[in-house]
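For reference, data_12.pdb is printed below; it contains PDB, C-alpha atoms and all ligand atoms.
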```
ATOM      1  CA  MET A   1       2.475 -10.065  18.378
ATOM      2  CA  VAL A   2       0.517  -8.269  15.671
ATOM      3  CA  LYS A   3      -1.271 -10.036  12.865
ATOM      4  CA  ILE A   4      -1.169  -8.496   9.402
ATOM      5  CA  GLY A   5      -3.423  -9.459   6.515
ATOM      6  CA  VAL A   6      -2.585  -9.249   2.821
ATOM      7  CA  LEU A   7      -5.610  -8.827   0.555
ATOM      8  CA  ALA A   8      -5.371 -11.970  -1.556
ATOM      9  CA  LEU A   9      -7.720 -11.400  -4.478
ATOM     10  CA  GLN A  10      -4.925 -10.822  -7.012
ATOM     11  CA  GLY A  11      -1.301  -9.710  -7.198
ATOM     12  CA  ALA A  12       1.936 -10.019  -5.191
ATOM     13  CA  VAL A  13       0.514 -11.691  -2.064
ATOM     14  CA  ARG A  14       3.057 -14.381  -1.145
ATOM     15  CA  GLU A  15       6.014 -11.980  -1.231
ATOM     16  CA  HIS A  16       4.339  -9.629   1.247
ATOM     17  CA  ILE A  17       3.512 -12.521   3.558
ATOM     18  CA  GLN A  18       7.156 -13.643   3.503
ATOM     19  CA  ALA A  19       8.400 -10.092   4.191
ATOM     20  CA  ILE A  20       6.036  -9.636   7.166
ATOM     21  CA  GLU A  21       7.066 -13.005   8.611
ATOM     22  CA  ALA A  22      10.732 -12.099   8.081
ATOM     23  CA  VAL A  23      10.335  -9.118  10.416
ATOM     24  CA  GLY A  24       8.711 -11.225  13.117
ATOM     25  CA  ALA A  25       4.978 -10.555  12.745
ATOM     26  CA  GLU A  26       2.203 -12.939  11.820
ATOM     27  CA  ALA A  27       0.871 -12.714   8.260
ATOM     28  CA  VAL A  28      -2.287 -14.105   6.723
ATOM     29  CA  ALA A  29      -3.782 -14.090   3.217
ATOM     30  CA  ILE A  30      -7.213 -12.428   3.302
ATOM     31  CA  LYS A  31      -9.694 -14.127   1.007
ATOM     32  CA  LYS A  32     -12.936 -13.589   2.896
ATOM     33  CA  VAL A  33     -14.433 -10.440   4.417
ATOM     34  CA  GLU A  34     -14.888 -12.137   7.826
ATOM     35  CA  GLN A  35     -11.104 -12.498   8.158
ATOM     36  CA  LEU A  36     -10.736  -8.716   8.467
ATOM     37  CA  GLN A  37     -11.968  -8.995  12.072
ATOM     38  CA  ASP A  38      -8.927 -11.009  13.084
ATOM     39  CA  ILE A  39      -6.174  -8.698  11.861
ATOM     40  CA  ASP A  40      -4.493  -5.560  13.211
ATOM     41  CA  GLY A  41      -3.287  -4.141   9.878
ATOM     42  CA  LEU A  42      -3.755  -4.784   6.166
ATOM     43  CA  ILE A  43      -1.619  -4.695   3.013
ATOM     44  CA  LEU A  44      -3.148  -3.970  -0.395
ATOM     45  CA  PRO A  45      -0.582  -5.537  -2.746
ATOM     46  CA  GLY A  46       0.587  -4.631  -6.234
ATOM     47  CA  GLY A  47      -1.058  -6.174  -9.254
ATOM     48  CA  GLU A  48      -3.616  -4.538 -11.502
ATOM     49  CA  SER A  49      -5.854  -1.994  -9.822
ATOM     50  CA  THR A  50      -8.891  -2.283 -12.116
ATOM     51  CA  THR A  51      -8.888  -6.085 -11.818
ATOM     52  CA  MET A  52      -8.449  -5.844  -8.074
ATOM     53  CA  ARG A  53     -11.328  -3.380  -7.819
ATOM     54  CA  ARG A  54     -13.550  -5.707  -9.804
ATOM     55  CA  LEU A  55     -12.762  -8.540  -7.398
ATOM     56  CA  ILE A  56     -13.229  -6.253  -4.361
ATOM     57  CA  ASP A  57     -16.772  -5.550  -5.577
ATOM     58  CA  LYS A  58     -17.446  -9.141  -6.572
ATOM     59  CA  TYR A  59     -16.539 -10.492  -3.126
ATOM     60  CA  GLY A  60     -18.197  -7.692  -1.133
ATOM     61  CA  PHE A  61     -14.968  -6.159   0.190
ATOM     62  CA  PHE A  62     -15.607  -2.512  -0.713
ATOM     63  CA  GLU A  63     -17.450  -1.225   2.382
ATOM     64  CA  PRO A  64     -15.661  -3.551   4.824
ATOM     65  CA  LEU A  65     -12.271  -2.267   3.591
ATOM     66  CA  LYS A  66     -13.333   1.354   4.035
ATOM     67  CA  LYS A  67     -14.661   0.560   7.531
ATOM     68  CA  PHE A  68     -11.437  -1.259   8.384
ATOM     69  CA  GLY A  69      -9.495   1.922   7.587
ATOM     70  CA  GLU A  70     -11.954   4.197   9.376
ATOM     71  CA  SER A  71     -11.621   2.044  12.516
ATOM     72  CA  GLY A  72      -8.024   3.281  12.827
ATOM     73  CA  LYS A  73      -6.294   0.074  11.780
ATOM     74  CA  PRO A  74      -3.307   0.713   9.475
ATOM     75  CA  ILE A  75      -3.395  -0.020   5.749
ATOM     76  CA  TRP A  76      -0.358  -0.120   3.452
ATOM     77  CA  GLY A  77      -0.891   0.019  -0.311
ATOM     78  CA  THR A  78       1.913  -0.872  -2.725
ATOM     79  CA  CYS A  79       1.692   0.051  -6.420
ATOM     80  CA  ALA A  80      -1.831  -1.022  -7.505
ATOM     81  CA  GLY A  81      -2.671  -0.926  -3.767
ATOM     82  CA  LEU A  82      -1.602   2.750  -3.715
ATOM     83  CA  ILE A  83      -3.959   3.441  -6.627
ATOM     84  CA  LEU A  84      -6.816   1.805  -4.704
ATOM     85  CA  MET A  85      -6.165   4.112  -1.719
ATOM     86  CA  ALA A  86      -6.224   7.428  -3.646
ATOM     87  CA  THR A  87      -9.089   9.922  -3.540
ATOM     88  CA  LYS A  88      -8.469  10.843  -7.207
ATOM     89  CA  ILE A  89      -7.076   9.109 -10.292
ATOM     90  CA  ALA A  90      -5.943  11.382 -13.131
ATOM     91  CA  GLY A  91      -8.073  10.982 -16.256
ATOM     92  CA  GLN A  92     -10.706   8.887 -14.509
ATOM     93  CA  GLU A  93     -14.027   9.982 -13.136
ATOM     94  CA  ASP A  94     -14.123   7.672 -10.154
ATOM     95  CA  ALA A  95     -11.527   6.614  -7.635
ATOM     96  CA  HIS A  96     -11.644   3.454  -5.491
ATOM     97  CA  LEU A  97     -11.369   3.370  -1.687
ATOM     98  CA  GLY A  98     -10.440   7.050  -1.322
ATOM     99  CA  LEU A  99      -8.461   6.648   1.900
ATOM    100  CA  ILE A 100      -5.496   8.974   1.223
ATOM    101  CA  ASP A 101      -6.026  12.556   0.095
ATOM    102  CA  MET A 102      -3.987  12.365  -3.113
ATOM    103  CA  THR A 103      -4.261  12.351  -6.909
ATOM    104  CA  VAL A 104      -2.420   9.532  -8.667
ATOM    105  CA  GLU A 105      -1.401   8.943 -12.229
ATOM    106  CA  ARG A 106      -1.282   5.330 -13.380
ATOM    107  CA  ASN A 107       1.635   3.950 -15.427
ATOM    108  CA  ALA A 108       3.415   7.245 -14.831
ATOM    109  CA  PHE A 109       6.952   6.363 -15.855
ATOM    110  CA  GLY A 110       6.382   5.916 -19.567
ATOM    111  CA  ARG A 111       5.642   2.869 -21.667
ATOM    112  CA  GLN A 112       9.229   2.425 -22.784
ATOM    113  CA  VAL A 113      10.395   2.016 -19.184
ATOM    114  CA  ASP A 114       8.027  -0.672 -18.060
ATOM    115  CA  SER A 115      10.067  -1.505 -15.011
ATOM    116  CA  PHE A 116      13.247  -0.252 -13.369
ATOM    117  CA  GLU A 117      15.066  -0.098 -10.058
ATOM    118  CA  ALA A 118      16.210   3.045  -8.280
ATOM    119  CA  SER A 119      17.951   3.858  -5.014
ATOM    120  CA  LEU A 120      15.596   5.867  -2.810
ATOM    121  CA  THR A 121      15.664   7.929   0.353
ATOM    122  CA  ILE A 122      12.548   7.249   2.428
ATOM    123  CA  THR A 123      11.951   9.440   5.501
ATOM    124  CA  ASP A 124      12.436   7.509   8.767
ATOM    125  CA  ILE A 125      13.030   4.265   6.839
ATOM    126  CA  ALA A 126      16.214   4.274   4.741
ATOM    127  CA  ASP A 127      18.488   6.411   2.598
ATOM    128  CA  ASP A 128      19.631   3.612   0.329
ATOM    129  CA  PHE A 129      16.493   1.662  -0.385
ATOM    130  CA  ILE A 130      16.242  -0.159  -3.710
ATOM    131  CA  GLY A 131      12.801   0.517  -5.123
ATOM    132  CA  VAL A 132      11.477  -1.886  -7.754
ATOM    133  CA  PHE A 133       9.042  -0.052 -10.041
ATOM    134  CA  ILE A 134       6.736  -2.100 -12.311
ATOM    135  CA  ARG A 135       4.338  -0.084 -14.499
ATOM    136  CA  ALA A 136       4.256   2.126 -11.460
ATOM    137  CA  PRO A 137       1.948   4.996 -10.615
ATOM    138  CA  ARG A 138       3.137   8.319  -9.243
ATOM    139  CA  ILE A 139       1.455  10.775  -6.949
ATOM    140  CA  LEU A 140       0.693  14.105  -8.595
ATOM    141  CA  GLU A 141      -0.763  16.028  -5.663
ATOM    142  CA  VAL A 142      -1.364  15.524  -1.965
ATOM    143  CA  GLY A 143      -3.613  17.190   0.611
ATOM    144  CA  ASN A 144      -2.356  19.057   3.699
ATOM    145  CA  ASP A 145      -2.523  16.050   5.989
ATOM    146  CA  VAL A 146      -0.384  13.886   3.763
ATOM    147  CA  GLU A 147       3.339  13.581   4.424
ATOM    148  CA  ILE A 148       5.535  12.987   1.396
ATOM    149  CA  ILE A 149       8.146  10.458   2.505
ATOM    150  CA  CYS A 150       9.861   9.677  -0.796
ATOM    151  CA  LYS A 151      10.478  11.214  -4.199
ATOM    152  CA  HIS A 152      12.261   9.814  -7.225
ATOM    153  CA  HIS A 153      13.479  12.482  -9.662
ATOM    154  CA  ASP A 154      10.933  14.979  -8.316
ATOM    155  CA  LYS A 155       8.099  12.497  -8.628
ATOM    156  CA  ILE A 156       6.303  11.600  -5.389
ATOM    157  CA  VAL A 157       6.485   7.843  -4.880
ATOM    158  CA  ALA A 158       5.632   7.274  -1.200
ATOM    159  CA  VAL A 159       3.392   9.003   1.353
ATOM    160  CA  ARG A 160       1.950   8.591   4.811
ATOM    161  CA  GLN A 161      -1.314  10.004   6.084
ATOM    162  CA  GLY A 162      -1.789   9.031   9.739
ATOM    163  CA  HIS A 163      -2.352   5.281   9.831
ATOM    164  CA  TYR A 164      -2.209   4.958   6.029
ATOM    165  CA  LEU A 165       1.004   4.246   4.109
ATOM    166  CA  ALA A 166       1.422   3.964   0.339
ATOM    167  CA  CYS A 167       4.272   3.521  -2.131
ATOM    168  CA  SER A 168       4.540   3.265  -5.933
ATOM    169  CA  PHE A 169       7.235   0.611  -5.838
ATOM    170  CA  HIS A 170       7.402  -3.006  -4.630
ATOM    171  CA  PRO A 171       9.344  -3.302  -1.338
ATOM    172  CA  GLU A 172       8.286  -6.947  -1.010
ATOM    173  CA  LEU A 173      10.352  -7.967  -4.039
ATOM    174  CA  THR A 174      13.791  -7.525  -2.453
ATOM    175  CA  ASP A 175      15.380  -8.861   0.749
ATOM    176  CA  ASP A 176      15.404  -5.389   2.295
ATOM    177  CA  HIS A 177      12.495  -5.526   4.711
ATOM    178  CA  ARG A 178      12.890  -2.122   6.364
ATOM    179  CA  MET A 179       9.640  -0.776   4.958
ATOM    180  CA  ALA A 180       7.750  -3.877   6.156
ATOM    181  CA  GLN A 181       9.416  -3.374   9.538
ATOM    182  CA  TYR A 182       8.208   0.234   9.568
ATOM    183  CA  PHE A 183       4.633  -0.853   8.754
ATOM    184  CA  VAL A 184       4.699  -3.495  11.507
ATOM    185  CA  LYS A 185       5.734  -0.732  13.925
ATOM    186  CA  MET A 186       2.812   1.428  12.726
ATOM    187  CA  VAL A 187       0.482  -1.514  13.346
ATOM    188  CA  LYS A 188       1.892  -2.149  16.845
ATOM    189  CA  GLU A 189       1.485   1.511  17.772
ATOM    190  CA  ALA A 190      -2.079   1.640  16.426
ATOM    191  CA  LYS A 191      -2.985  -1.539  18.299
ATOM    192  CA  GLU A 192      -1.717  -0.073  21.597
ATOM    193  CA  LYS A 193      -3.615   3.153  20.953
ATOM    194  CA  LEU A 194      -6.850   1.367  20.039
ATOM    195  CA  ALA A 195      -6.599  -0.816  23.157
ATOM    196  CA  VAL A 196      -6.872   2.110  25.626
TER
HETATM  197  N1  LIG A 201      -0.138  -0.389 -13.516
HETATM  198  C1  LIG A 201      -0.850  -1.135 -12.521
HETATM  199  C2  LIG A 201      -2.231  -0.524 -12.255
HETATM  200  O1  LIG A 201      -2.545   0.494 -12.779
HETATM  201  C3  LIG A 201      -0.079  -1.192 -11.237
HETATM  202  C4  LIG A 201       1.190  -1.996 -11.425
HETATM  203  C5  LIG A 201       1.679  -2.710 -10.209
HETATM  204  O2  LIG A 201       0.975  -2.868  -9.213
HETATM  205  N2  LIG A 201       2.874  -3.223 -10.305
HETATM  206  O3  LIG A 201      -2.990  -1.077 -11.532
END
```
What does the file become when written as structure tokens?
Amino acid sequence: MVKIGVLALQGAVREHIQAIEAVGAEAVAIKKVEQLQDIDGLILPGGESTTMRRLIDKYGFFEPLKKFGESGKPIWGTCAGLILMATKIAGQEDAHLGLIDMTVERNAFGRQVDSFEASLTITDIADDFIGVFIRAPRILEVGNDVEIICKHHDKIVAVRQGHYLACSFHPELTDDHRMAQYFVKMVKEAKEKLAV
């Protein structure tokens, strides 16, 4: 069985843990850097990306998170987690972890529509997936190695780049766990590959 960590500094942690357990994998809240050694994959949850970054720095997670990704272990960022994974953030000088070759725009769906739900088609995952968007970012541009797996009204809202997965919406907030299932499969495959 694979063990998946959810970075537990801030944000929607419990919901991700429940979703991972619902699809039959082990899930653990990551509060200390040392715990990264014990997991096969990691989720960066939604919340508030600038607050999360501040806590990442405060608790010494920045380099260890980058190393975790570079080691080939899968990372899935949702909403604020997606922002943390981008190489560029529109209107800002610096990005955060810079794991996925993409430019993101924060709060990209307008102030009047703070949150909404939409039915989405996600490549290899579902064609009727309810996406919950909460002050969500969108992806403006991606590099050649990045696969766009979901758009909503022409706006890119989910991508995959090798062992990295990211989405603008919150799959952990509904009972549809197909995206969590997909990530668990990515983690299983990476674990088998890293074992040889
Ligand atoms: N707007 C938030 C940010 O910029 C993200 C919102 C979310 O994670 N639901 O960090």
Please put the answer as JSON: centre and edge lengths, in Å with one decimal, of a box along x, y and z that encloses all listed atoms of range 20-33 of chain A plus 8 Å on each side.
```
{"center_x": -1.9, "center_y": -11.6, "center_z": 7.1, "size_x": 41.2, "size_y": 21.0, "size_z": 28.1}
```
**OP:** Skip range 135-142 of chain A itself and residues of its chain fewer than 5 positions away, then list as JSON, numbers by chain all residues within 7 Å of it, counting only C-alpha atoms.
**Re:** {"A": [79, 101, 102, 103, 104, 105, 106, 107, 108, 109, 114, 115, 155, 156, 157, 168, 169]}
Original post:
Mind telling me what the PyMOL selection byres (((not hetatm)) within 12 of (chain A and resi 201)) catches here, as a VMD selection string?
Top reply: chain A and resid 10 to 13 44 to 54 77 to 85 89 to 90 92 96 104 to 111 114 to 116 131 to 138 166 to 173
**OP:** Apply the PyMOL selection byres (((chain A and resi 61-75) around 10) and not hetatm) to the file shown and report the selected residues as a VMD selection string.
**Re:** chain A and resid 4 to 7 31 to 34 36 to 37 39 to 44 53 to 60 76 to 77 81 85 96 to 99 162 to 166 183 to 184 186 to 191 193 to 194
**OP:** Could you check how far CA of Ala19 in chain A sits from CA of Arg178 in chain A, in Å to one decimal?
**Re:**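 Between CA of Ala19 in chain A and CA of Arg178 in chain A the gap is 9.4 Å.
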Original post:
Which value, in Å to one decimal, gives the distance between CA of Asp127 in chain A and CA of Cys150 in chain A?
Top reply: 9.8 Å
**OP:** Would you mind reading off the distance between CA of Ala29 in chain A and CA of Glu147 in chain A, one decimal, in Å?
**Re:**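 Value for the CA of Ala29 in chain A-CA of Glu147 in chain A distance: 28.6 Å.
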Subject >> For Asp154 in chain A, the nearest of the candidates A:Ala195, A:Leu120, A:Thr87, A:Lys3, counting only C-alpha atoms >> reply: A:Leu120
Original post:
Written as a VMD selection string, which residues does the PyMOL selection byres (((chain A and resi 126) around 12) and not hetatm) give for the file shown?
Top reply: chain A and resid 119 to 125 127 to 131 149 to 150 171 176 to 182
Pull C-alpha atoms from the residues just selected and write them as a short mmCIF file (atom, residue, chain, number, x, y, z; two decimals), keeping the file's coordinate frame.
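File produced: part.cif:
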```
data_model
loop_
_atom_site.label_atom_id
_atom_site.label_comp_id
_atom_site.auth_asym_id
_atom_site.auth_seq_id
_atom_site.Cartn_x
_atom_site.Cartn_y
_atom_site.Cartn_z
CA SER A 119 17.95 3.86 -5.01
CA LEU A 120 15.60 5.87 -2.81
CA THR A 121 15.66 7.93 0.35
CA ILE A 122 12.55 7.25 2.43
CA THR A 123 11.95 9.44 5.50
CA ASP A 124 12.44 7.51 8.77
CA ILE A 125 13.03 4.26 6.84
CA ASP A 127 18.49 6.41 2.60
CA ASP A 128 19.63 3.61 0.33
CA PHE A 129 16.49 1.66 -0.38
CA ILE A 130 16.24 -0.16 -3.71
CA GLY A 131 12.80 0.52 -5.12
CA ILE A 149 8.15 10.46 2.50
CA CYS A 150 9.86 9.68 -0.80
CA PRO A 171 9.34 -3.30 -1.34
CA ASP A 176 15.40 -5.39 2.30
CA HIS A 177 12.50 -5.53 4.71
CA ARG A 178 12.89 -2.12 6.36
CA MET A 179 9.64 -0.78 4.96
CA ALA A 180 7.75 -3.88 6.16
CA GLN A 181 9.42 -3.37 9.54
CA TYR A 182 8.21 0.23 9.57
#
```
Original post:
Pick the closest to Met1 in chain A from A:Ile17, A:Ala118, A:Val146, A:Ala27: which is it, counting only C-alpha atoms?
Top reply: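 Ranking A:Ile17, A:Ala118, A:Val146, A:Ala27 by distance to Met1 in chain A, first place goes to A:Ala27.
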Subject >> Nearest to Asp38 in chain A by atom-to-atom distance, counting only C-alpha atoms, from A:Ala8, A:Ala22, A:Val2, A:Glu15 >> reply: A:Val2
Subject >> Among listed residues A:Val159, A:Ile148, A:Ile100, A:Leu9, nearest Ile30 in chain A (using only C-alpha atoms) >> reply: A:Leu9
